[in-house]
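J.: Structure file protein_38.csv (CSV, C-alpha atoms) right here:
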chain,number,residue,atom,x,y,z
C,1,VAL,CA,-64.3,12.7,-24.5
C,2,SER,CA,-63.9,13.3,-20.8
C,3,TRP,CA,-62.5,10.7,-18.5
C,4,PRO,CA,-65.8,10.0,-16.6
C,5,ALA,CA,-67.5,9.4,-20.0
C,6,PHE,CA,-64.7,7.0,-21.1
C,7,ALA,CA,-64.7,5.3,-17.7
C,8,ALA,CA,-68.4,4.7,-18.0
C,9,ALA,CA,-67.9,3.2,-21.5
C,10,LEU,CA,-65.2,0.9,-20.1
C,11,ALA,CA,-67.7,-0.4,-17.5
C,12,SER,CA,-70.2,-1.6,-20.1
C,13,PRO,CA,-70.2,-3.7,-23.3
C,14,PRO,CA,-68.6,-3.9,-25.7
C,15,LEU,CA,-65.5,-2.4,-24.1
C,16,SER,CA,-65.9,-4.1,-20.8
C,17,THR,CA,-66.2,-7.5,-22.5
C,18,ARG,CA,-63.0,-6.9,-24.5
C,19,VAL,CA,-61.0,-5.8,-21.4
C,20,GLN,CA,-62.2,-8.6,-19.3
C,21,SER,CA,-61.3,-11.2,-21.9
C,22,ASP,CA,-57.7,-9.9,-22.2
C,23,PRO,CA,-55.8,-9.9,-18.9
C,24,ALA,CA,-52.8,-8.0,-20.4
C,25,LEU,CA,-55.1,-5.3,-21.7
C,26,ALA,CA,-57.0,-5.2,-18.4
C,27,THR,CA,-53.6,-4.6,-16.6
C,28,GLN,CA,-52.7,-1.8,-18.9
C,29,VAL,CA,-56.2,-0.2,-18.5
C,30,ALA,CA,-55.9,-0.3,-14.7
C,31,LEU,CA,-52.4,1.2,-14.7
C,32,LEU,CA,-53.3,4.0,-17.2
C,33,SER,CA,-56.4,4.8,-15.2
C,34,LYS,CA,-54.1,6.0,-12.4
C,35,ILE,CA,-53.0,8.8,-14.7
C,36,ALA,CA,-56.2,9.3,-16.7
C,37,SER,CA,-58.4,9.7,-13.7
C,38,GLU,CA,-56.4,12.7,-12.5
C,39,PRO,CA,-56.6,16.3,-13.8
C,40,GLU,CA,-54.4,17.0,-16.8
C,41,THR,CA,-52.3,20.2,-17.1
C,42,SER,CA,-52.1,21.5,-20.6
C,43,ARG,CA,-48.9,23.3,-21.6
C,44,PHE,CA,-48.8,26.3,-24.0
C,45,SER,CA,-45.3,27.1,-25.1
C,46,VAL,CA,-43.0,28.8,-27.5
C,47,TYR,CA,-43.5,25.7,-29.7
C,48,THR,CA,-47.3,25.6,-29.6
C,49,ALA,CA,-48.6,25.5,-33.2
C,50,GLY,CA,-45.2,26.9,-34.3
C,51,GLY,CA,-45.4,29.8,-31.8
C,52,GLY,CA,-46.0,32.4,-34.6
C,53,PRO,CA,-48.3,35.4,-34.5
C,54,GLY,CA,-51.8,34.3,-33.6
C,55,ALA,CA,-50.8,30.7,-32.9
C,56,ILE,CA,-51.1,30.8,-29.1
C,57,TYR,CA,-54.4,32.7,-29.1
C,58,SER,CA,-55.9,30.3,-31.6
C,59,GLN,CA,-54.8,27.2,-29.7
C,60,ILE,CA,-55.8,28.3,-26.2
C,61,ASN,CA,-59.2,29.6,-27.5
C,62,LYS,CA,-59.9,26.3,-29.3
C,63,PHE,CA,-58.8,24.3,-26.3
C,64,LEU,CA,-61.0,26.2,-23.8
C,65,CYS,CA,-64.0,26.2,-26.1
C,66,ARG,CA,-63.8,22.4,-26.6
C,67,MET,CA,-63.2,21.8,-22.9
C,68,HIS,CA,-66.2,23.9,-21.9
C,69,THR,CA,-68.3,21.9,-24.4
C,70,VAL,CA,-67.1,18.5,-23.1
C,71,ALA,CA,-66.9,19.3,-19.4
C,72,PRO,CA,-68.6,22.6,-18.7
C,73,ASP,CA,-68.0,22.4,-14.9
C,74,ALA,CA,-64.3,21.6,-15.1
C,75,ILE,CA,-61.6,24.1,-14.2
C,76,PRO,CA,-58.7,23.8,-16.7
C,77,LEU,CA,-55.2,23.6,-15.5
C,78,LEU,CA,-52.8,25.5,-17.8
C,79,SER,CA,-49.1,26.0,-17.9
C,80,THR,CA,-46.9,28.3,-19.9
C,81,TYR,CA,-43.4,27.9,-21.2
C,82,PHE,CA,-42.8,31.0,-23.4
C,83,ILE,CA,-39.1,31.6,-22.5
C,84,ASP,CA,-36.8,30.2,-25.2
C,85,HIS,CA,-34.4,27.9,-23.3
C,86,THR,CA,-32.4,26.7,-26.3
C,87,GLY,CA,-28.7,27.3,-26.4
C,88,ASN,CA,-26.2,27.5,-23.6
C,89,CYS,CA,-27.8,29.8,-21.0
C,90,PRO,CA,-28.8,32.5,-23.5
C,91,THR,CA,-29.9,36.0,-22.6
C,92,GLU,CA,-33.0,37.1,-24.5
C,93,THR,CA,-32.5,39.5,-27.4
C,94,PRO,CA,-34.9,42.4,-27.9
C,95,SER,CA,-36.7,40.4,-30.7
C,96,GLN,CA,-37.1,37.4,-28.4
C,97,GLN,CA,-38.4,39.7,-25.6
C,98,ALA,CA,-41.0,41.1,-28.1
C,99,ALA,CA,-42.0,37.6,-29.2
C,100,PHE,CA,-42.3,36.5,-25.5
C,101,GLU,CA,-44.6,39.5,-24.7
C,102,ARG,CA,-46.7,38.8,-27.8
C,103,ARG,CA,-47.2,35.1,-26.7
C,104,VAL,CA,-48.1,36.2,-23.2
C,105,ASP,CA,-50.7,38.7,-24.5
C,106,GLU,CA,-52.2,36.1,-26.9
C,107,PHE,CA,-52.4,33.6,-24.1
C,108,ALA,CA,-54.1,36.1,-21.7
C,109,HIS,CA,-56.5,37.2,-24.4
C,110,GLY,CA,-57.4,33.6,-25.2
C,111,VAL,CA,-58.1,32.7,-21.6
C,112,ALA,CA,-60.4,35.7,-21.4
C,113,ASN,CA,-63.1,35.1,-18.8
C,114,TYR,CA,-62.7,31.3,-18.4
C,115,PRO,CA,-62.0,30.2,-14.8
C,116,THR,CA,-58.6,28.7,-14.8
C,117,VAL,CA,-55.6,27.7,-12.7
C,118,ILE,CA,-52.3,28.8,-14.4
C,119,PHE,CA,-48.8,27.6,-13.7
C,120,ALA,CA,-46.7,30.3,-15.3
C,121,GLU,CA,-43.4,29.8,-16.9
C,122,GLU,CA,-42.1,26.4,-16.0
C,123,ASP,CA,-38.3,26.2,-15.6
C,124,ALA,CA,-37.9,30.0,-15.3
C,125,VAL,CA,-36.0,29.9,-12.0
C,126,ASP,CA,-34.0,26.7,-12.4
C,127,THR,CA,-32.5,28.0,-15.7
C,128,SER,CA,-31.6,31.4,-14.2
C,129,GLY,CA,-28.6,30.3,-12.1
C,130,CYS,CA,-26.2,30.5,-15.0
C,131,LEU,CA,-27.3,33.9,-16.2
C,132,THR,CA,-25.1,37.0,-16.1
C,133,ARG,CA,-26.3,40.0,-14.1
C,134,ARG,CA,-27.7,41.5,-17.3
C,135,GLY,CA,-29.3,38.2,-18.3
C,136,LEU,CA,-30.9,37.8,-14.9
C,137,ALA,CA,-32.3,41.3,-15.0
C,138,ALA,CA,-33.8,40.6,-18.4
C,139,ARG,CA,-35.3,37.3,-17.1
C,140,LYS,CA,-36.9,39.2,-14.2
C,141,LYS,CA,-38.4,41.7,-16.6
C,142,LEU,CA,-40.0,39.0,-18.7
C,143,LEU,CA,-41.5,37.4,-15.7
C,144,SER,CA,-42.8,40.7,-14.4
C,145,TYR,CA,-44.5,41.3,-17.7
C,146,GLU,CA,-46.1,37.9,-17.6
C,147,VAL,CA,-47.3,38.2,-14.0
C,148,GLY,CA,-48.8,41.6,-14.8
C,149,ALA,CA,-50.7,40.2,-17.8
C,150,LEU,CA,-52.0,37.1,-16.1
C,151,ALA,CA,-52.9,38.9,-12.9
C,152,LYS,CA,-55.5,40.9,-15.0
C,153,ILE,CA,-57.4,37.8,-16.1
C,154,PRO,CA,-60.7,38.0,-14.2
C,155,HIS,CA,-61.1,34.4,-13.1
C,156,ALA,CA,-57.6,33.0,-13.1
C,157,VAL,CA,-55.7,31.7,-10.1
C,158,VAL,CA,-52.0,32.1,-11.0
C,159,TYR,CA,-48.8,30.6,-9.6
C,160,LEU,CA,-45.4,31.5,-10.9
C,161,ASP,CA,-42.5,29.0,-11.2
C,162,GLY,CA,-40.4,29.0,-8.0
C,163,GLY,CA,-37.8,26.4,-9.0
C,164,THR,CA,-36.7,23.4,-7.0
C,165,GLU,CA,-35.1,22.7,-3.7
C,166,ASP,CA,-32.3,20.7,-5.1
C,167,ALA,CA,-31.2,23.3,-7.7
C,168,ASN,CA,-31.6,26.7,-5.9
C,169,SER,CA,-31.5,28.5,-2.6
C,170,ALA,CA,-34.7,29.9,-1.2
C,171,ARG,CA,-33.2,33.4,-1.2
C,172,PHE,CA,-32.3,33.2,-4.9
C,173,ALA,CA,-35.8,31.9,-5.8
C,174,ALA,CA,-37.5,34.6,-3.7
C,175,SER,CA,-35.4,37.4,-5.3
C,176,ILE,CA,-36.8,36.4,-8.7
C,177,LEU,CA,-40.3,36.0,-7.4
C,178,ASN,CA,-40.3,39.3,-5.7
C,179,ALA,CA,-38.9,41.1,-8.7
C,180,ALA,CA,-41.6,39.5,-10.9
C,181,GLY,CA,-44.3,40.7,-8.5
C,182,VAL,CA,-45.5,37.5,-7.0
C,183,LYS,CA,-47.6,39.4,-4.5
C,184,ARG,CA,-49.9,40.3,-7.4
C,185,ILE,CA,-50.9,36.7,-7.8
C,186,ARG,CA,-51.7,33.7,-5.6
C,187,GLY,CA,-48.2,32.4,-5.2
C,188,PHE,CA,-45.6,30.1,-6.8
C,189,PHE,CA,-45.2,26.4,-7.7
C,190,LEU,CA,-42.3,24.1,-7.2
C,191,ASN,CA,-40.6,20.9,-8.6
C,192,ALA,CA,-42.2,21.5,-12.1
C,193,THR,CA,-39.7,19.5,-14.1
C,194,HIS,CA,-37.9,17.7,-11.3
C,195,ARG,CA,-38.6,14.6,-9.2
C,196,ASN,CA,-37.5,15.9,-5.8
C,197,TRP,CA,-39.2,14.6,-2.7
C,198,THR,CA,-42.5,16.4,-1.9
C,199,SER,CA,-41.5,16.9,1.8
C,200,LYS,CA,-38.3,18.7,0.8
C,201,GLU,CA,-40.1,20.9,-1.6
C,202,ILE,CA,-42.6,21.8,1.1
C,203,ALA,CA,-39.8,22.8,3.5
C,204,PHE,CA,-38.3,24.8,0.6
C,205,GLY,CA,-41.6,26.5,-0.2
C,206,ASN,CA,-42.1,27.5,3.5
C,207,ARG,CA,-38.7,29.2,3.4
C,208,ILE,CA,-39.5,31.0,0.2
C,209,SER,CA,-42.9,32.1,1.5
C,210,LYS,CA,-41.2,33.9,4.5
C,211,LEU,CA,-39.2,35.9,1.9
C,212,THR,CA,-42.2,36.6,-0.4
C,213,HIS,CA,-44.7,38.2,2.0
C,214,GLY,CA,-46.4,34.9,2.9
C,215,SER,CA,-47.1,33.6,-0.7
C,216,HIS,CA,-48.8,30.2,-0.9
C,217,PHE,CA,-47.5,27.5,-3.2
C,218,ILE,CA,-48.2,24.3,-5.0
C,219,VAL,CA,-45.8,21.2,-5.4
C,220,ASN,CA,-45.7,19.2,-8.6
C,221,THR,CA,-45.9,15.5,-7.6
C,222,ALA,CA,-46.4,14.0,-11.1
C,223,ASN,CA,-43.4,11.6,-11.0
C,224,ASN,CA,-41.7,11.9,-7.6
C,225,GLY,CA,-43.1,8.9,-5.8
C,226,HIS,CA,-39.5,7.5,-5.4
C,227,GLY,CA,-37.7,10.8,-5.1
C,228,PRO,CA,-35.0,12.1,-7.5
C,229,ALA,CA,-32.7,10.1,-9.6
C,230,LEU,CA,-29.4,11.7,-8.6
C,231,ASN,CA,-26.5,12.1,-11.1
C,232,PRO,CA,-23.1,10.9,-10.0
C,233,HIS,CA,-21.4,14.2,-11.1
C,234,PRO,CA,-23.9,17.0,-10.3
C,235,SER,CA,-21.5,19.8,-11.0
C,236,ARG,CA,-21.4,19.0,-14.7
C,237,GLN,CA,-24.5,16.8,-15.1
C,238,GLY,CA,-27.0,18.6,-13.0
C,239,VAL,CA,-28.3,17.3,-9.6
C,240,GLU,CA,-31.0,15.1,-11.1
C,241,ASN,CA,-31.2,12.8,-14.0
C,242,LEU,CA,-34.3,14.3,-15.8
C,243,CYS,CA,-34.1,12.2,-19.0
C,244,ASN,CA,-36.9,9.6,-18.4
C,245,PRO,CA,-35.1,7.9,-15.4
C,246,PRO,CA,-36.5,4.4,-15.1
C,247,SER,CA,-36.6,4.6,-11.3
C,248,SER,CA,-39.4,7.2,-11.3
C,249,GLY,CA,-43.0,6.5,-10.3
C,250,LEU,CA,-46.2,8.6,-10.0
C,251,GLY,CA,-46.1,10.7,-6.8
C,252,PRO,CA,-48.8,11.8,-4.4
C,253,GLN,CA,-52.1,12.2,-6.1
C,254,PRO,CA,-53.4,15.6,-6.7
C,255,THR,CA,-55.2,17.1,-3.8
C,256,THR,CA,-56.0,20.4,-2.1
C,257,ASN,CA,-55.9,18.7,1.3
C,258,THR,CA,-52.1,18.7,1.8
C,259,GLY,CA,-52.0,19.0,5.6
C,260,PHE,CA,-49.5,21.9,5.2
C,261,PRO,CA,-50.9,25.5,5.7
C,262,LEU,CA,-49.0,27.2,2.9
C,263,ALA,CA,-49.2,24.3,0.4
C,264,ASP,CA,-52.4,24.9,-1.5
C,265,ALA,CA,-52.2,21.7,-3.4
C,266,PHE,CA,-50.2,18.8,-4.7
C,267,GLU,CA,-50.7,18.9,-8.4
C,268,TRP,CA,-49.4,17.2,-11.6
C,269,THR,CA,-48.2,20.3,-13.5
C,270,ALA,CA,-47.1,18.0,-16.3
C,271,VAL,CA,-48.7,14.9,-17.9
C,272,PRO,CA,-47.0,11.8,-16.5
C,273,GLY,CA,-45.7,9.7,-19.4
C,274,LYS,CA,-44.7,12.6,-21.7
C,275,SER,CA,-41.1,12.0,-22.8
C,276,SER,CA,-38.1,14.2,-21.9
C,277,GLY,CA,-36.5,13.1,-25.2
C,278,PHE,CA,-34.6,10.2,-26.8
C,279,CYS,CA,-33.1,9.1,-23.5
C,280,HIS,CA,-33.4,5.3,-24.0
C,281,PRO,CA,-34.1,3.0,-27.0
C,282,GLY,CA,-37.8,3.3,-27.8
C,283,ASP,CA,-38.4,6.6,-26.1
C,284,PRO,CA,-40.5,9.1,-28.1
C,285,SER,CA,-39.3,12.6,-28.8
C,286,GLY,CA,-39.6,15.3,-26.1
C,287,GLY,CA,-43.1,16.3,-25.2
C,288,VAL,CA,-44.7,13.2,-26.8
C,289,PHE,CA,-46.7,10.8,-24.6
C,290,GLY,CA,-45.0,7.4,-24.4
C,291,LEU,CA,-47.2,4.4,-23.4
C,292,ASN,CA,-44.3,2.4,-21.9
C,293,LEU,CA,-43.1,5.5,-19.9
C,294,ALA,CA,-46.6,5.9,-18.6
C,295,LEU,CA,-47.1,2.3,-17.7
C,296,ALA,CA,-43.7,2.3,-15.8
C,297,LEU,CA,-44.7,5.3,-13.8
C,298,ALA,CA,-48.0,3.9,-12.9
C,299,THR,CA,-46.5,0.5,-12.0
C,300,ARG,CA,-44.2,2.3,-9.5
C,301,ALA,CA,-46.9,4.8,-8.2
C,302,ASN,CA,-46.3,5.7,-4.6
C,303,GLY,CA,-47.7,8.5,-2.5
C,304,GLN,CA,-44.8,8.7,-0.1
C,305,LEU,CA,-43.9,12.3,0.8
C,306,GLY,CA,-40.3,11.8,1.4
C,307,PRO,CA,-37.6,10.1,3.5
C,308,GLY,CA,-38.9,9.1,6.9
C,309,TYR,CA,-42.5,9.0,5.7
C,310,PRO,CA,-44.3,5.7,5.1
C,311,SER,CA,-44.4,4.2,1.6
C,312,ARG,CA,-47.9,4.5,0.1
C,313,PRO,CA,-48.3,2.5,-3.1
C,314,TYR,CA,-51.6,3.0,-5.0
Translate the structure described by the file into structure tokens.
T.:
Amino acid sequence: VSWPAFAAALASPPLSTRVQSDPALATQVALLSKIASEPETSRFSVYTAGGGPGAIYSQINKFLCRMHTVAPDAIPLLSTYFIDHTGNCPTETPSQQAAFERRVDEFAHGVANYPTVIFAEEDAVDTSGCLTRRGLAARKKLLSYEVGALAKIPHAVVYLDGGTEDANSARFAASILNAAGVKRIRGFFLNATHRNWTSKEIAFGNRISKLTHGSHFIVNTANNGHGPALNPHPSRQGVENLCNPPSSGLGPQPTTNTGFPLADAFEWTAVPGKSSGFCHPGDPSGGVFGLNLALALATRANGQLGPGYPSRPY
């Protein structure tokens, strides 16, 4: 069921009667509506349906067919996460490279002629800083393969992961993007798994754009309404606390009217409320939607772009 159809059902009996008679439920519905009323990005990863031969193609094909049936005029937002990030900064083996290419091919074949927006390979840049020269060359080769495959999809608008301002330099991110062939697609996206301020990511994106032949970009604003939760020991903990930090809130709402020429959109490239793992008592496992996580994010929703900008709760 699409959100407009469900929202219409909420506005009429019997659902409307039930909600109106239960103040606590009404509050939850209002908070969750902040998330449910926005476009959802669906991730296809190394784990999708087990990631084995045929799994990615089957899942993306089923998803798009169903979406076209439920909401024929909608443009699906898709993300990929086909690089295997398990282990301590691993370099892909030949068998992993072959599996990666197979998943990319299945994904591209499954999308076929559907109009889509694709956010390719979340975390690809942020997890590259520790790689050896050989490992980095292998990573660039994988991304180049994916960009080449996705660029051939007839009606897809593609953005490749460009990392985050608080984890990389613009020159480092641009070197990966250029090696991957970012000029063959629309551009890159930022802040995919971080909560950095939108304004800082925009400045970062502008610097990267100058180094990538004027590429445009998108900023993920799913949960950065209060900026990053900084770790006390960034050298060994990472700059941000990314494990369901309780200080987070929904960030600026998705829009293509950003006010910044090179920023094509603010978008939620991940579903707010999906868990990062067992970070606190009661948290669901990684990738699983948590009602309490979503309610907390919605309660603290704020469209503020960054330090110096006005607070904009919604």
J.: Return as CSV the residues of range 16-50 of chain C lying at most 12 Å from range 79-103 of chain C, together with the closest atom-to-atom pair for each and the distance in Å to one decimal, counting only C-alpha atoms, with rows in chain order and ascending residue number.
T.:
residue,atom,partner,partner_atom,distance
C:Glu40,CA,C:Ser79,CA,10.5
C:Thr41,CA,C:Ser79,CA,6.7
C:Ser42,CA,C:Ser79,CA,6.0
C:Arg43,CA,C:Ser79,CA,4.6
C:Phe44,CA,C:Thr80,CA,4.9
C:Ser45,CA,C:Tyr81,CA,4.4
C:Val46,CA,C:Phe82,CA,4.7
C:Tyr47,CA,C:Phe82,CA,8.3
C:Thr48,CA,C:Phe82,CA,9.4
C:Ala49,CA,C:Arg103,CA,11.7
C:Gly50,CA,C:Arg103,CA,11.4
J.: Show me as an MDAnalysis selection string the residues that reach within 8 Å of (-32.6, 13.0, -22.8), counting all atoms listed in the file and using the file's own coordinates.
T.: chainID C and resid 242:244 276:280
J.: Please determine, counting all atoms listed in the file, which residue among C:Asn178, C:Ser199, C:Asn191, C:Thr116 has the shortest atom-to-atom distance to Gly214 in chain C.
T.: C:Asn178
J.: Could you tell me how far CA of Phe119 in chain C sits from CA of Glu38 in chain C, in Å to one decimal place?
T.: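 So the two atoms, CA of Glu38 in chain C and CA of Phe119 in chain C, lie 16.8 Å apart.
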J.: So which one's closest to Phe266 in chain C, C:Val219, C:Ala156, C:Ser128, C:Phe6? Using all atoms listed in the file, please.
T.: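 Of C:Val219, C:Ala156, C:Ser128, C:Phe6, the one nearest Phe266 in chain C is C:Val219, counting all atoms listed in the file.
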J.: Skip range 253-258 of chain C itself and residues of its chain fewer than 4 positions away, then list as an mmCIF file with C-alpha atoms, in the coordinates of the input all residues within 12 Å of it, counting only C-alpha atoms.
T.:
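Generated output (selection_19.cif):
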data_model
loop_
_atom_site.group_PDB
_atom_site.id
_atom_site.type_symbol
_atom_site.label_atom_id
_atom_site.label_comp_id
_atom_site.auth_asym_id
_atom_site.auth_seq_id
_atom_site.Cartn_x
_atom_site.Cartn_y
_atom_site.Cartn_z
ATOM 1 C CA LYS C 34 -54.100 6.000 -12.400
ATOM 2 C CA ILE C 35 -53.000 8.800 -14.700
ATOM 3 C CA ALA C 36 -56.200 9.300 -16.700
ATOM 4 C CA SER C 37 -58.400 9.700 -13.700
ATOM 5 C CA GLU C 38 -56.400 12.700 -12.500
ATOM 6 C CA PRO C 39 -56.600 16.300 -13.800
ATOM 7 C CA GLU C 40 -54.400 17.000 -16.800
ATOM 8 C CA THR C 41 -52.300 20.200 -17.100
ATOM 9 C CA THR C 198 -42.500 16.400 -1.900
ATOM 10 C CA SER C 199 -41.500 16.900 1.800
ATOM 11 C CA ILE C 202 -42.600 21.800 1.100
ATOM 12 C CA PHE C 217 -47.500 27.500 -3.200
ATOM 13 C CA ILE C 218 -48.200 24.300 -5.000
ATOM 14 C CA VAL C 219 -45.800 21.200 -5.400
ATOM 15 C CA ASN C 220 -45.700 19.200 -8.600
ATOM 16 C CA THR C 221 -45.900 15.500 -7.600
ATOM 17 C CA ALA C 222 -46.400 14.000 -11.100
ATOM 18 C CA ASN C 223 -43.400 11.600 -11.000
ATOM 19 C CA ASN C 224 -41.700 11.900 -7.600
ATOM 20 C CA GLY C 225 -43.100 8.900 -5.800
ATOM 21 C CA GLY C 249 -43.000 6.500 -10.300
ATOM 22 C CA LEU C 262 -49.000 27.200 2.900
ATOM 23 C CA ALA C 263 -49.200 24.300 0.400
ATOM 24 C CA ASP C 264 -52.400 24.900 -1.500
ATOM 25 C CA ALA C 265 -52.200 21.700 -3.400
ATOM 26 C CA PHE C 266 -50.200 18.800 -4.700
ATOM 27 C CA GLU C 267 -50.700 18.900 -8.400
ATOM 28 C CA TRP C 268 -49.400 17.200 -11.600
ATOM 29 C CA THR C 269 -48.200 20.300 -13.500
ATOM 30 C CA ALA C 270 -47.100 18.000 -16.300
ATOM 31 C CA PRO C 272 -47.000 11.800 -16.500
ATOM 32 C CA ALA C 298 -48.000 3.900 -12.900
ATOM 33 C CA ALA C 301 -46.900 4.800 -8.200
ATOM 34 C CA ASN C 302 -46.300 5.700 -4.600
ATOM 35 C CA GLY C 303 -47.700 8.500 -2.500
ATOM 36 C CA GLN C 304 -44.800 8.700 -0.100
ATOM 37 C CA LEU C 305 -43.900 12.300 0.800
ATOM 38 C CA ARG C 312 -47.900 4.500 0.100
ATOM 39 C CA PRO C 313 -48.300 2.500 -3.100
ATOM 40 C CA TYR C 314 -51.600 3.000 -5.000
#
J.: Restricting the calculation to all atoms listed in the file: of C:Ala229, C:Ala74, C:Ala137, C:Leu15, which residue gets closest to Asp166 in chain C?
T.: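 Looking at the shortest contact to Asp166 in chain C, the residue is C:Ala229.
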J.: Please check which residues have atoms at most 7 Å from (-57.4, 23.5, -14.5) in the file's coordinates, counting all atoms listed in the file, and write them as a count of residues only.
T.: 7
J.: Could you tell me how far CA of Ala167 in chain C sits from CA of Pro228 in chain C, in Å to one decimal place?
T.: 11.8 Å
J.: Pick out the closest residue to Leu297 in chain C from this set: C:Ala173, C:Leu136, C:Val271, C:Ala71. Count all atoms listed in the file.
T.: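 Comparing C:Ala173, C:Leu136, C:Val271, C:Ala71 against Leu297 in chain C, the winner is C:Val271.
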J.: Find the axis-aligned box for range 178-184 of chain C, covering all its listed atoms and adding 6 Å on each side, and write its centre and edge lengths in Å to one decimal as JSON.
T.:
{"center_x": -44.4, "center_y": 39.3, "center_z": -7.7, "size_x": 23.0, "size_y": 15.6, "size_z": 18.4}
